Structures are given as structure tokens and as C-alpha cells.
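Visitor: One file: query23.txt (compact mmCIF, C-alpha atoms).
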```
# COMPACT_ATOMS: atom_id res chain seq x y z
CA MET A 22 -28.11 -1.20 -19.68
CA LEU A 23 -27.59 0.63 -16.39
CA GLU A 24 -24.31 0.09 -14.58
CA LYS A 25 -24.45 -1.40 -11.10
CA LYS A 26 -24.47 1.05 -8.23
CA GLN A 27 -21.13 1.15 -6.45
CA VAL A 28 -20.84 0.30 -2.78
CA PHE A 29 -19.63 3.76 -1.65
CA GLU A 30 -21.80 5.75 -4.03
CA GLY A 31 -23.09 8.88 -2.29
CA ILE A 32 -20.29 8.94 0.31
CA LYS A 33 -18.30 12.20 0.37
CA VAL A 34 -14.71 12.34 1.58
CA ALA A 35 -12.55 15.33 2.52
CA ASP A 36 -9.06 13.93 2.01
CA PHE A 37 -6.37 15.88 3.88
CA THR A 38 -3.95 12.93 3.77
CA TRP A 39 -0.65 12.82 1.94
CA SER A 40 2.19 10.47 0.94
CA ILE A 41 1.01 6.82 0.72
CA ALA A 42 -0.88 5.32 3.67
CA GLY A 43 -3.70 7.88 3.72
CA PRO A 44 -4.17 8.38 -0.05
CA MET A 45 -4.22 4.61 -0.65
CA ALA A 46 -7.09 4.24 1.83
CA THR A 47 -9.18 6.99 0.26
CA ARG A 48 -8.36 5.60 -3.19
CA GLU A 49 -10.23 2.40 -2.29
CA LEU A 50 -13.30 4.52 -1.49
CA ALA A 51 -12.97 6.61 -4.66
CA GLU A 52 -12.60 3.55 -6.88
CA HIS A 53 -15.86 2.15 -5.48
CA GLY A 54 -18.04 5.20 -5.92
CA ALA A 55 -17.22 7.73 -3.19
CA MET A 56 -16.60 11.36 -4.15
CA VAL A 57 -13.15 12.09 -2.75
CA ILE A 58 -11.71 15.62 -2.76
CA ARG A 59 -7.94 15.55 -2.27
CA VAL A 60 -6.68 18.73 -0.56
CA GLU A 61 -3.10 19.80 -1.35
CA SER A 62 -0.91 22.87 -1.41
CA HIS A 63 1.63 24.00 -3.99
CA LYS A 64 3.76 25.24 -1.09
CA TYR A 65 4.07 21.74 0.40
CA PRO A 66 3.13 19.29 -2.36
CA CYS A 67 2.65 15.63 -1.60
CA PRO A 68 6.06 13.86 -1.59
CA MET A 69 4.69 11.29 -4.03
CA ARG A 70 4.42 14.02 -6.67
CA ARG A 71 8.21 13.90 -6.89
CA ALA A 72 8.41 10.10 -6.91
CA GLY A 73 8.42 7.71 -9.82
CA SER A 74 8.40 10.02 -12.85
CA MET A 75 8.25 8.18 -16.16
CA MET A 76 11.51 7.21 -17.84
CA GLY A 77 12.85 9.82 -20.21
CA ARG A 78 10.67 12.61 -18.85
CA VAL A 79 11.72 15.62 -16.83
CA ALA A 80 10.28 15.37 -13.32
CA SER A 81 7.42 17.79 -12.77
CA ILE A 82 4.86 18.38 -10.06
CA ASN A 83 2.24 16.55 -12.13
CA GLY A 84 4.49 13.98 -13.79
CA SER A 85 4.63 11.25 -11.14
CA PHE A 86 3.10 7.91 -12.04
CA VAL A 87 3.24 6.90 -8.36
CA PHE A 88 1.00 9.81 -7.38
CA ALA A 89 -1.32 9.16 -10.31
CA ASN A 90 -1.70 5.50 -9.35
CA PHE A 91 -2.41 6.20 -5.65
CA ASN A 92 -5.06 8.85 -6.33
CA THR A 93 -7.30 7.52 -9.09
CA ASN A 94 -10.89 8.77 -9.34
CA LYS A 95 -10.27 11.72 -6.99
CA LEU A 96 -10.93 15.41 -7.43
CA GLY A 97 -7.99 17.64 -6.52
CA ILE A 98 -7.91 21.16 -5.08
CA SER A 99 -5.12 23.43 -3.86
CA LEU A 100 -5.57 25.08 -0.47
CA ASP A 101 -3.24 26.70 2.07
CA LEU A 102 -4.59 25.70 5.49
CA SER A 103 -2.44 28.29 7.25
CA LYS A 104 -4.48 31.12 5.72
CA PRO A 105 -7.72 32.28 7.43
CA LYS A 106 -9.72 31.93 4.23
CA GLY A 107 -8.10 28.58 3.65
CA GLN A 108 -9.37 27.38 7.03
CA GLU A 109 -12.80 28.78 6.23
CA ALA A 110 -12.86 26.80 2.99
CA ALA A 111 -11.70 23.67 4.82
CA ARG A 112 -14.54 24.03 7.34
CA ARG A 113 -17.04 24.29 4.49
CA LEU A 114 -15.51 21.15 2.97
CA VAL A 115 -15.85 19.37 6.32
CA LYS A 116 -19.51 20.34 6.55
CA TRP A 117 -20.04 18.81 3.09
CA ALA A 118 -18.23 15.56 3.91
CA ASP A 119 -19.22 12.25 5.46
CA ILE A 120 -15.60 11.23 6.10
CA VAL A 121 -12.55 13.36 6.93
CA GLY A 122 -9.07 11.86 6.75
CA GLU A 123 -5.63 13.18 7.68
CA SER A 124 -2.16 11.65 7.88
CA PHE A 125 0.02 14.40 9.37
CA GLY A 126 2.09 14.03 12.52
CA PRO A 127 0.05 14.27 15.75
CA GLY A 128 -0.88 17.85 16.54
CA VAL A 129 -0.27 19.29 13.07
CA ILE A 130 -3.88 19.30 11.84
CA ALA A 131 -5.02 20.85 15.16
CA ARG A 132 -3.03 24.00 14.34
CA PHE A 133 -5.51 24.65 11.54
CA GLY A 134 -8.59 23.94 13.66
CA LEU A 135 -9.24 20.67 11.83
CA ASP A 136 -8.68 18.08 14.56
CA TYR A 137 -11.52 15.71 15.39
CA GLU A 138 -12.89 17.70 18.35
CA SER A 139 -13.06 20.84 16.23
CA VAL A 140 -14.51 19.07 13.21
CA ARG A 141 -17.28 17.29 15.14
CA LYS A 142 -18.59 20.70 16.22
CA ILE A 143 -19.09 21.50 12.55
CA LYS A 144 -20.41 18.03 11.60
CA PRO A 145 -21.50 16.03 14.70
CA ASP A 146 -21.91 12.74 12.80
CA ILE A 147 -18.58 12.97 10.98
CA ILE A 148 -16.42 9.88 10.57
CA TYR A 149 -12.84 11.03 11.06
CA PHE A 150 -9.65 9.01 10.67
CA SER A 151 -6.04 9.78 11.47
CA THR A 152 -3.21 7.56 10.28
CA SER A 153 0.26 8.30 11.66
CA LEU A 154 3.45 6.50 12.59
CA GLN A 155 2.67 5.64 16.22
CA GLY A 156 -0.81 7.01 16.84
CA GLN A 157 -2.07 10.18 18.47
CA TYR A 158 -1.01 9.48 22.06
CA GLY A 159 1.71 7.76 24.06
CA PRO A 160 5.37 8.57 24.88
CA HIS A 161 6.57 8.14 21.27
CA SER A 162 3.57 9.51 19.41
CA ARG A 163 5.31 12.75 18.43
CA TYR A 164 8.31 11.03 16.87
CA GLN A 165 8.44 11.84 13.17
CA ALA A 166 9.38 9.20 10.64
CA TRP A 167 8.35 7.42 7.43
CA GLY A 168 7.19 3.90 6.65
CA TRP A 169 10.79 2.66 6.43
CA GLN A 170 11.33 3.51 10.10
CA ALA A 171 7.95 2.00 11.04
CA ALA A 172 8.96 -1.26 9.34
CA ALA A 173 12.20 -1.26 11.34
CA LEU A 174 10.34 -0.58 14.60
CA ALA A 175 7.93 -3.42 13.84
CA GLY A 176 10.80 -5.90 13.62
CA PHE A 177 10.92 -6.58 9.88
CA TYR A 178 14.48 -5.36 9.37
CA GLU A 179 15.76 -7.77 12.01
CA ALA A 180 14.05 -10.62 10.15
CA VAL A 181 15.01 -9.86 6.53
CA GLY A 182 18.50 -10.56 5.27
CA TRP A 183 21.34 -13.04 5.82
CA PRO A 184 22.35 -14.11 9.33
CA ASP A 185 26.01 -13.09 8.87
CA ARG A 186 25.27 -9.68 7.33
CA GLN A 187 23.58 -6.42 8.17
CA PRO A 188 19.77 -6.21 7.92
CA THR A 189 18.60 -5.61 4.36
CA GLY A 190 15.06 -4.64 5.28
CA ILE A 191 12.02 -4.69 3.05
CA PRO A 192 12.11 -2.47 -0.07
CA GLY A 193 9.87 0.56 0.23
CA ALA A 194 7.80 1.86 3.11
CA TYR A 195 6.28 -1.51 4.01
CA THR A 196 3.77 -0.39 6.64
CA ASP A 197 2.39 2.15 4.16
CA GLN A 198 1.28 -0.79 2.03
CA ILE A 199 -0.41 -2.59 4.96
CA ALA A 200 -2.09 0.25 6.84
CA PRO A 201 -4.58 1.44 4.15
CA TYR A 202 -6.53 -1.81 4.13
CA TYR A 203 -6.95 -1.74 7.92
CA THR A 204 -8.19 1.83 7.51
CA VAL A 205 -10.74 0.86 4.86
CA CYS A 206 -12.10 -2.00 6.98
CA ALA A 207 -12.47 0.34 9.96
CA LEU A 208 -14.20 2.95 7.77
CA VAL A 209 -16.68 0.37 6.49
CA ALA A 210 -17.49 -0.56 10.10
CA ALA A 211 -17.83 3.14 11.03
CA LEU A 212 -20.18 3.79 8.10
CA ASP A 213 -22.32 0.84 9.17
CA TYR A 214 -22.33 2.09 12.76
CA ARG A 215 -23.44 5.55 11.64
CA ARG A 216 -26.14 4.03 9.45
CA ARG A 217 -27.52 2.16 12.46
CA THR A 218 -27.06 4.81 15.18
CA GLY A 219 -26.71 8.16 13.42
CA GLU A 220 -23.43 8.75 15.29
CA GLY A 221 -19.98 9.46 13.91
CA MET A 222 -16.66 8.02 15.02
CA TYR A 223 -12.98 8.85 15.44
CA LEU A 224 -10.45 6.29 14.16
CA ASP A 225 -6.83 6.58 15.29
CA GLN A 226 -4.45 4.31 13.42
CA ALA A 227 -0.83 3.67 14.40
CA GLN A 228 1.09 2.30 11.41
CA PHE A 229 3.73 0.86 13.74
CA GLU A 230 1.08 -1.30 15.43
CA VAL A 231 -0.34 -2.33 12.06
CA GLY A 232 3.11 -3.62 11.14
CA VAL A 233 3.41 -5.51 14.43
CA THR A 234 0.26 -7.49 13.61
CA PHE A 235 2.11 -8.95 10.61
CA ALA A 236 4.92 -10.06 12.94
CA GLU A 237 2.55 -11.68 15.44
CA PRO A 238 3.78 -15.29 14.97
CA SER A 239 7.31 -14.26 15.98
CA LEU A 240 5.96 -12.45 19.05
CA LEU A 241 3.99 -15.54 20.08
CA ASP A 242 7.07 -17.70 19.51
CA TYR A 243 9.02 -15.48 21.87
CA ALA A 244 6.22 -15.36 24.46
CA VAL A 245 5.82 -19.14 24.51
CA ASN A 246 9.28 -20.48 23.61
CA GLY A 247 11.63 -17.59 24.34
CA ARG A 248 12.96 -17.66 20.75
CA ILE A 249 14.04 -14.39 19.18
CA MET A 250 13.38 -13.98 15.46
CA LYS A 251 16.63 -13.58 13.53
CA ARG A 252 17.68 -13.16 9.93
CA ARG A 253 17.90 -16.50 8.16
CA GLY A 254 18.11 -15.61 4.47
CA ASN A 255 15.75 -17.84 2.48
CA ARG A 256 15.60 -20.57 5.11
CA ASP A 257 12.48 -21.62 7.01
CA PRO A 258 12.30 -23.62 10.25
CA TYR A 259 9.45 -25.76 8.94
CA ALA A 260 10.61 -26.57 5.39
CA ALA A 261 13.69 -27.93 3.57
CA PRO A 262 14.56 -27.49 0.82
CA HIS A 263 13.31 -23.95 1.08
CA GLY A 264 14.93 -21.27 -1.04
CA SER A 265 15.33 -19.43 -4.29
CA TYR A 266 17.21 -21.65 -6.74
CA ARG A 267 19.14 -20.54 -9.80
CA CYS A 268 17.67 -21.71 -13.10
CA GLN A 269 18.74 -21.77 -16.73
CA GLY A 270 19.37 -18.31 -18.19
CA ASP A 271 20.61 -14.98 -16.92
CA ASP A 272 19.32 -14.12 -13.42
CA GLN A 273 16.49 -16.65 -13.54
CA TRP A 274 15.25 -18.17 -10.28
CA CYS A 275 12.51 -20.38 -8.91
CA VAL A 276 11.42 -20.64 -5.28
CA ILE A 277 10.76 -24.15 -3.95
CA ALA A 278 9.37 -25.01 -0.50
CA VAL A 279 9.11 -28.59 0.80
CA ALA A 280 7.39 -28.82 4.18
CA THR A 281 5.81 -32.29 4.48
CA ALA A 282 6.95 -35.87 3.95
CA GLN A 283 4.53 -36.20 1.04
CA GLU A 284 5.95 -33.05 -0.59
CA TRP A 285 9.48 -34.45 -0.14
CA ASP A 286 8.52 -37.71 -1.86
CA SER A 287 6.92 -35.76 -4.70
CA PHE A 288 9.94 -33.47 -4.96
CA CYS A 289 12.26 -36.46 -5.23
CA GLU A 290 10.04 -37.93 -7.95
CA VAL A 291 10.14 -34.71 -9.98
CA ILE A 292 13.94 -34.55 -9.95
CA GLY A 293 14.21 -38.25 -10.90
CA ASN A 294 14.95 -39.80 -7.48
CA PRO A 295 18.76 -39.39 -7.66
CA ALA A 296 20.81 -41.50 -5.28
CA TRP A 297 21.51 -38.65 -2.88
CA THR A 298 17.81 -38.36 -1.98
CA MET A 299 18.12 -41.78 -0.28
CA ASP A 300 20.95 -40.64 1.97
CA PRO A 301 19.90 -40.76 5.69
CA LYS A 302 21.01 -37.16 6.15
CA PHE A 303 18.07 -36.11 3.95
CA ALA A 304 15.56 -38.65 5.27
CA SER A 305 13.64 -36.28 7.55
CA LEU A 306 12.98 -32.56 7.90
CA PRO A 307 15.31 -32.18 10.92
CA ALA A 308 18.04 -34.04 9.03
CA ARG A 309 17.58 -31.91 5.91
CA ARG A 310 17.65 -28.75 8.02
CA GLU A 311 20.93 -29.88 9.58
CA ASN A 312 22.48 -30.42 6.14
CA GLU A 313 20.81 -27.53 4.36
CA ASN A 314 23.89 -26.06 2.67
CA GLU A 315 24.65 -29.34 0.91
CA LEU A 316 20.96 -29.87 0.13
CA ASP A 317 20.64 -26.47 -1.54
CA SER A 318 23.68 -27.15 -3.71
CA LEU A 319 22.24 -30.48 -4.86
CA VAL A 320 18.85 -28.96 -5.63
CA GLU A 321 20.45 -26.18 -7.67
CA GLU A 322 22.44 -28.72 -9.71
CA TRP A 323 19.06 -29.88 -10.99
CA THR A 324 17.29 -26.48 -11.36
CA VAL A 325 20.17 -24.73 -13.13
CA ARG A 326 19.71 -27.00 -16.16
CA ARG A 327 16.04 -26.04 -16.59
CA SER A 328 14.06 -22.86 -17.14
CA ALA A 329 12.36 -21.31 -14.14
CA PRO A 330 8.83 -21.72 -15.61
CA ASP A 331 9.53 -25.40 -16.32
CA VAL A 332 10.76 -25.97 -12.77
CA MET A 333 7.64 -24.31 -11.40
CA ARG A 334 5.26 -26.29 -13.60
CA MET A 335 6.93 -29.61 -12.89
CA MET A 336 6.88 -29.03 -9.13
CA GLN A 337 3.34 -27.71 -9.01
CA ALA A 338 2.07 -30.63 -11.12
CA LYS A 339 3.15 -32.95 -8.29
CA GLY A 340 1.84 -30.75 -5.48
CA VAL A 341 5.16 -29.17 -4.49
CA PRO A 342 4.90 -25.41 -3.76
CA ALA A 343 7.03 -23.52 -6.30
CA GLY A 344 6.98 -20.14 -8.01
CA VAL A 345 9.05 -18.23 -10.56
CA VAL A 346 10.82 -15.12 -9.25
CA GLN A 347 9.17 -12.59 -11.57
CA LYS A 348 10.44 -9.23 -12.75
CA ASN A 349 8.24 -6.23 -13.52
CA GLU A 350 8.03 -7.20 -17.18
CA ASP A 351 6.91 -10.69 -16.19
CA LEU A 352 4.10 -9.29 -14.05
CA PHE A 353 2.66 -7.24 -16.90
CA ASN A 354 2.64 -10.37 -19.06
CA ASP A 355 1.47 -12.76 -16.34
CA PRO A 356 -1.53 -14.72 -17.73
CA GLN A 357 -3.30 -14.85 -14.36
CA LEU A 358 -3.05 -11.10 -13.79
CA ARG A 359 -4.15 -10.46 -17.38
CA HIS A 360 -7.15 -12.75 -16.95
CA ARG A 361 -8.21 -10.84 -13.83
CA ALA A 362 -7.60 -7.49 -15.59
CA SER A 363 -5.41 -6.36 -12.71
CA HIS A 364 -4.35 -3.19 -14.57
CA GLN A 365 -6.25 -0.66 -16.62
CA ARG A 366 -5.03 2.08 -18.92
CA LEU A 367 -6.04 5.64 -18.08
CA ALA A 368 -5.20 8.84 -19.95
CA HIS A 369 -2.86 11.17 -18.05
CA PRO A 370 -2.38 14.79 -19.21
CA GLU A 371 1.42 14.57 -19.00
CA LEU A 372 2.23 10.87 -19.09
CA GLY A 373 -0.16 9.80 -21.81
CA SER A 374 -1.86 6.40 -21.66
CA VAL A 375 -0.57 4.67 -18.52
CA LEU A 376 -1.42 1.37 -16.84
CA HIS A 377 -2.94 1.83 -13.38
CA GLN A 378 -3.30 -0.87 -10.76
CA LYS A 379 -6.83 -1.96 -9.92
CA PRO A 380 -7.86 -3.34 -6.50
CA ALA A 381 -6.59 -6.85 -5.82
CA TYR A 382 -10.12 -7.91 -4.87
CA ARG A 383 -13.35 -8.04 -6.86
CA LEU A 384 -16.78 -7.10 -5.51
CA SER A 385 -19.32 -9.01 -7.59
CA ARG A 386 -22.30 -6.74 -6.95
CA THR A 387 -20.49 -3.41 -6.77
CA PRO A 388 -17.46 -3.61 -9.07
CA CYS A 389 -14.65 -1.09 -9.12
CA HIS A 390 -14.66 1.50 -11.90
CA LEU A 391 -11.46 3.39 -12.74
CA VAL A 392 -12.50 6.53 -14.57
CA SER A 393 -9.68 9.03 -14.03
CA THR A 394 -6.01 9.19 -13.15
CA GLY A 395 -4.74 11.06 -10.09
CA PRO A 396 -5.56 14.79 -10.32
CA MET A 397 -3.17 17.51 -11.36
CA LEU A 398 -2.40 19.80 -8.42
CA GLY A 399 -5.43 22.08 -8.13
CA GLU A 400 -7.02 20.60 -11.26
CA HIS A 401 -10.59 20.80 -9.96
CA ASN A 402 -10.40 24.09 -8.08
CA GLU A 403 -13.14 25.85 -10.04
CA HIS A 404 -15.54 22.90 -9.99
CA VAL A 405 -15.12 22.17 -6.29
CA TYR A 406 -15.06 25.72 -4.97
CA LYS A 407 -17.96 26.92 -7.11
CA GLU A 408 -20.18 23.92 -7.84
CA ILE A 409 -19.66 21.79 -4.72
CA LEU A 410 -18.82 24.27 -1.96
CA GLY A 411 -20.80 27.17 -3.36
CA PHE A 412 -18.20 29.95 -3.28
CA SER A 413 -18.93 32.98 -5.41
CA ASP A 414 -16.50 34.38 -7.97
CA ASP A 415 -15.72 37.26 -5.63
CA GLU A 416 -15.01 34.90 -2.72
CA ILE A 417 -12.72 32.81 -4.91
CA ALA A 418 -10.91 35.97 -6.03
CA ASP A 419 -10.41 36.97 -2.39
CA MET A 420 -8.96 33.52 -1.60
CA LEU A 421 -6.56 33.84 -4.52
CA ILE A 422 -5.48 37.30 -3.38
CA GLU A 423 -4.87 36.06 0.17
CA GLY A 424 -3.00 33.01 -1.15
CA ALA A 425 -5.49 30.57 0.36
CA ILE A 426 -5.87 28.97 -3.08
CA THR A 427 -2.32 28.19 -4.09
CA THR A 428 -0.99 28.24 -7.66
CA GLU A 429 2.12 27.12 -9.51
CA ALA A 430 3.75 30.38 -8.48
CA ASP A 431 3.79 28.98 -4.92
CA LEU A 432 5.82 25.88 -5.83
CA PRO A 433 9.18 25.66 -4.04
CA GLY A 434 11.78 27.26 -6.28
CA ALA A 435 9.19 28.87 -8.57
CA ARG A 436 10.34 32.35 -7.72
```
Would you mind writing the file out in C-alpha cells?

Guide:
Amino acid sequence: MLEKKQVFEGIKVADFTWSIAGPMATRELAEHGAMVIRVESHKYPCPMRRAGSMMGRVASINGSFVFANFNTNKLGISLDLSKPKGQEAARRLVKWADIVGESFGPGVIARFGLDYESVRKIKPDIIYFSTSLQGQYGPHSRYQAWGWQAAALAGFYEAVGWPDRQPTGIPGAYTDQIAPYYTVCALVAALDYRRRTGEGMYLDQAQFEVGVTFAEPSLLDYAVNGRIMKRRGNRDPYAAPHGSYRCQGDDQWCVIAVATAQEWDSFCEVIGNPAWTMDPKFASLPARRENENELDSLVEEWTVRRSAPDVMRMMQAKGVPAGVVQKNEDLFNDPQLRHRASHQRLAHPELGSVLHQKPAYRLSRTPCHLVSTGPMLGEHNEHVYKEILGFSDDEIADMLIEGAITTEADLPGAR
């Protein structure tokens, strides 16, 4: 029985991105049939190659599970873009590609003659995307930073934490997790546009602005009501009780959110309608908000005597929003995630058999297929340079002599 054709089958991608936001976008293409060639250099390896090595293993350039997970189904080559022959190889790769992506700071890729205006002369119908902190133009476009700083700029750090303490922020580079999906949607639209018109397109993404779209309700609240979003811990202006409540056991918690009068009645029924629920100071949402400290203590007196899963099930059975605060181990054993096959094991040359995350969406006609883990640095040099780009053995030897094709000897600290 023939497998279904994948939605991006036949699309070719020259991937000059690095870190997270760019590689995650091209991963979505690779996992749905596109041929993606990830371009790297041993001299300046992707930062994710040094992140998240497996427990008990010595960190190595190819031993990062984070890199492996963000680059599934890709081919990987090593190339020094500062070398003349390296730029020649990059131009040949561009001519082969349908899509070119880069995620350097504004102006960096232009030094190698690989900016959009240069690339479109090689391939007029190219679809080209750049993803950077604040976009390619504007007074702050040249500021260098990571996703942590973008999340702070977008207002998330001001909103996350306790009102009487310093901002705690969101763990990880938050905008790096949002931006790729905007990129993929834009690339799908660009591919459709090229299919209809024969013309390419340049996509300029500012990760800062992507983050701001997730803070839009607070911006509208300020524009209309003059209210400034502040840290409020686990509280919510439209629900009470609303928080993470301690449950039976060590570090076990369940989140409960009661927003409507019906949910309040159901909540009271679940906990057995104790006398305090009839007190006028808890009779309405504004009243509960005004007495929230006492309310939270009373709620936790009930939850702390029960397991978090039991609290969740009892609340949900009566239509009250509730969810267990899950740890990593819980996620791998979560029955819903297991049913949807959210993770798949792939063989990794250094890490062995490792679970990789699959897309959090399912395309019924063109399903995702994970076939390979993220590439070793330069793993597919011979195949790509010879079979795809058509370089001869002598040309490849010349590139090696010049240093255009980098090797492990070029790794920082190798000499």
C-alpha cells in the first residue's frame, strides 16, 4: 500500500537559520515532506548543539537532544560562508532551492552575498524568509538579543510573577516558541502565491512583534480603559477562585478556575457545600475577588486532603475547569498524549533511541512522517555536495583545502 503524499513533498529548502526560531519553522516543512538542507559551520556551530545533552553523557557537538529534536528529517552540511568557495557553494544551493531561510542579525547574511536582493538575482522566484529579534528595519533593528530579551520587550516579564516581587518571566526563550508557526503560515501563503503567479516573495519576521500579538488583550485594555497590566501571581480579574492549589502528596498541585455563577455553584457542590460557601463575602465574583486570600486558604483546606488527579476529575465532572500541574514524567505517561502519539522514538548515533516530539497538529490527508533525527554536523556533506549540487571530487577537494567545507578540526578549542 502506497503511503500518502506529503503536503510539502517536492519543496526544497536552503536552511541558513540557527538556534530555535528558524530551525523550528523549517522542521515543520521537513516533517511534512520538504527536502531541507541545514547549513552550519564547525567554526560557529548552532548554540543548540551545546544545549540539553543527555544525562550522564559528556557534552559533544553532536550530543544535544535539543538540537536533534528541532532538526528532524533534515540533511546537514558544513560550510564556511566567509570563504569564496563557500559562497559559491551557497549560491548553487540557492539556485537549487524553492525557499531560503536565515535567522541572523540584520545585515549579517548580506556580508556573504546571500541577502534577498542578491538571492533573487540567482533565483527570481525564490521565497525568502528572515526571522530576527526586531525585523530588518527601524531604529532598533540592529539591537542584538535572544528570545528571553524579546519576551521582556513584549511585556511578558511585567505580567508574570507576584505583585510584591521582581518579575519572574517565562522560562526559556518564549518568542522562539511562537515565531516558527507564524513563519510556517506565511510560507504556506507564499507557496500558494507563487503557484498562482509564478512570483517569489520576501518575508521579514520580527519576533518582538510576534510576541506582542500574544499580549494584545492587555494592549486593548490599556487603549480603552487605561489599565496597565501588572503581575498578579495566579490571580485573574474574571475568575475566583483561580489558582494552583496544593494537593495530597509531595509537591502535588491542581489548578482550578471558577469564572461563572454556574461554575461557582458546581464548585460548591463538589466540595460538599460547606457553610463558608454561603457567606455573603463569597456570594458574587466581585465579593470573592475582594476576599481572595481567605478564599484560597479555604479551597486549599479541601484540596490538600485529596490527590491532584482526583481533584481534577471531580471538578471536571461537574463542568468546573481544573487541571493537574504535570511534571515531565507525567507528560510522557499522559494517556491523551499517548493516544495521539505525540512522541516518536528515533535512533540517534550518539544518544541511542530517543523520543522526539511530533507536531501538535494532525493533517488527515498528508500526515507527518518522522524518519530521522537531527543531523550530525556535516553528516550529509558528500551526498549533498556530490549528488544534489553536482560538485566533482576535485571541486570538493578544493573546498576542503580552502576551508570552505569545515571539519571537526575547525571546532572551537579543537586545536

Visitor: So that I can check the surroundings of His404 (chain A), please list as a PyMOL selection string every protein, DNA and RNA residue that reaches within 12 Å of it, counting only C-alpha atoms and ignoring chain neighbours fewer than 6 positions away.

Guide: chain A and resi 58+96-98+410-414+417

Visitor: Just the number, please: distance in Å from CA of Arg163 (chain A) to CA of Arg70 (chain A), one decimal.

Guide: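 One can read the CA of Arg163 (chain A) to CA of Arg70 (chain A) distance as 25.1 Å.
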
Visitor: Gly373 (chain A): which residues within 12 Å, counting all atoms listed in the file, same-chain residues fewer than 4 positions away excluded, as a ChimeraX atom specification?

Guide: /A:75,78,84-86,89,366-369,377,394

Visitor: Excluding Gly221 (chain A) and residues on its chain fewer than 2 positions from it, collect all residues at most 9 Å away from it, counting only C-alpha atoms, and give them as number ranges by chain.

Guide: A: 119, 141, 144-149, 211-212, 214-215, 218-219, 223

Visitor: Between A:Val34, A:Cys268, A:Met45, A:Met56, which has the minimum distance to Leu114 (chain A) (counting only C-alpha atoms)?

Guide: A:Val34

Visitor: In Å, how far is it from CA of Gly73 (chain A) to CA of Leu391 (chain A)?

Guide: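 Rounded to one decimal, the two atoms are 20.6 Å apart.
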
Visitor: Which residues come within 8 Å of Phe125 (chain A), counting all atoms listed in the file, excluding same-chain residues fewer than 5 positions away, as a list of chain:residue names?

Guide: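 So, after excluding close chain neighbours, the residues are A:Thr38, A:Trp39, A:Ile130, A:Ser151, A:Thr152, A:Ser153.
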
Visitor: What does the distance between CA of Arg267 (chain A) and CA of Met299 (chain A) come to in Å, to one decimal place?

Guide: 23.3 Å

Visitor: Identify, on the basis of all atoms listed in the file, every residue whose closest approach to Ala207 (chain A) does not exceed 10 Å; exclude the query and any residue fewer than 6 positions from it along the same chain; express the result as a PyMOL selection string.

Guide: chain A and resi 150+201+213+224-226

Visitor: Please work out which residues fall within 7 Å of (8.2, 20.3, -3.9), coordinates as given in the file, with all atoms listed in the file counting, and return them as an MDAnalysis selection string.

Guide: chainID A and resid 65:66 432:433

Visitor: Using only C-alpha atoms, which residue out of A:Lys95, A:Arg253, A:His390, A:His364 lies closest to Leu376 (chain A)?

Guide: A:His364

Visitor: Here is a test: counting all atoms listed in the file, which residue of A:Ile277, A:Val375, A:Val115, A:Ala72 is nearest to Gly134 (chain A)?

Guide: A:Val115

Visitor: With only C-alpha atoms as the basis for distance, which of A:Leu102, A:Val140, A:Gly159, A:Pro44 is at the shortest distance from His63 (chain A)?

Guide: A:Leu102

Visitor: Counting only C-alpha atoms, which residues have an atom no more than 12 Å from (-12.0, 26.3, 4.1) in the file's coordinates? Please list them as number ranges by chain.

Guide: A: 35, 37, 60, 98-117, 133-135, 140, 405-406, 410-412, 416-417, 420, 425-426

Visitor: Identify which of the residues A:His53, A:Arg361, A:Lys33, A:Lys302 lies closest to Val392 (chain A), counting only C-alpha atoms when measuring atom-to-atom distances.

Guide: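 Looking only at the distances to Val392 (chain A), the closest residue turns out to be A:His53.
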
Visitor: Rebuild N, CA and C atoms on region 108-123 of chain A, as an mmCIF file, keeping the file's coordinate frame?

Guide:
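Done, and the output landed in selection-v1.cif:
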```cif
data_model
loop_
_atom_site.group_PDB
_atom_site.id
_atom_site.type_symbol
_atom_site.label_atom_id
_atom_site.label_comp_id
_atom_site.auth_asym_id
_atom_site.auth_seq_id
_atom_site.Cartn_x
_atom_site.Cartn_y
_atom_site.Cartn_z
ATOM 1 N N GLN A 108 -8.708 28.121 5.951
ATOM 2 C CA GLN A 108 -9.370 27.380 7.030
ATOM 3 C C GLN A 108 -10.882 27.481 6.910
ATOM 4 N N GLU A 109 -11.353 28.622 6.450
ATOM 5 C CA GLU A 109 -12.800 28.780 6.230
ATOM 6 C C GLU A 109 -13.274 27.825 5.135
ATOM 7 N N ALA A 110 -12.499 27.715 4.063
ATOM 8 C CA ALA A 110 -12.860 26.800 2.990
ATOM 9 C C ALA A 110 -12.809 25.348 3.472
ATOM 10 N N ALA A 111 -11.823 25.030 4.293
ATOM 11 C CA ALA A 111 -11.700 23.670 4.820
ATOM 12 C C ALA A 111 -12.903 23.329 5.697
ATOM 13 N N ARG A 112 -13.368 24.285 6.487
ATOM 14 C CA ARG A 112 -14.540 24.030 7.340
ATOM 15 C C ARG A 112 -15.787 23.786 6.479
ATOM 16 N N ARG A 113 -15.898 24.517 5.377
ATOM 17 C CA ARG A 113 -17.040 24.290 4.490
ATOM 18 C C ARG A 113 -16.945 22.906 3.840
ATOM 19 N N LEU A 114 -15.719 22.484 3.524
ATOM 20 C CA LEU A 114 -15.510 21.150 2.970
ATOM 21 C C LEU A 114 -15.878 20.076 3.990
ATOM 22 N N VAL A 115 -15.518 20.311 5.244
ATOM 23 C CA VAL A 115 -15.850 19.370 6.320
ATOM 24 C C VAL A 115 -17.365 19.240 6.478
ATOM 25 N N LYS A 116 -18.047 20.364 6.406
ATOM 26 C CA LYS A 116 -19.510 20.340 6.550
ATOM 27 C C LYS A 116 -20.158 19.546 5.418
ATOM 28 N N TRP A 117 -19.534 19.554 4.249
ATOM 29 C CA TRP A 117 -20.040 18.810 3.090
ATOM 30 C C TRP A 117 -19.811 17.311 3.239
ATOM 31 N N ALA A 118 -18.737 16.921 3.945
ATOM 32 C CA ALA A 118 -18.230 15.560 3.910
ATOM 33 C C ALA A 118 -18.942 14.611 4.871
ATOM 34 N N ASP A 119 -18.836 13.327 4.553
ATOM 35 C CA ASP A 119 -19.220 12.250 5.460
ATOM 36 C C ASP A 119 -18.002 11.716 6.213
ATOM 37 N N ILE A 120 -16.853 11.746 5.532
ATOM 38 C CA ILE A 120 -15.600 11.230 6.100
ATOM 39 C C ILE A 120 -14.527 12.295 5.935
ATOM 40 N N VAL A 121 -13.731 12.493 6.981
ATOM 41 C CA VAL A 121 -12.550 13.360 6.930
ATOM 42 C C VAL A 121 -11.347 12.499 7.278
ATOM 43 N N GLY A 122 -10.288 12.613 6.472
ATOM 44 C CA GLY A 122 -9.070 11.860 6.750
ATOM 45 C C GLY A 122 -7.852 12.747 6.757
ATOM 46 N N GLU A 123 -6.894 12.446 7.652
ATOM 47 C CA GLU A 123 -5.630 13.180 7.680
ATOM 48 C C GLU A 123 -4.510 12.223 8.068
#
```
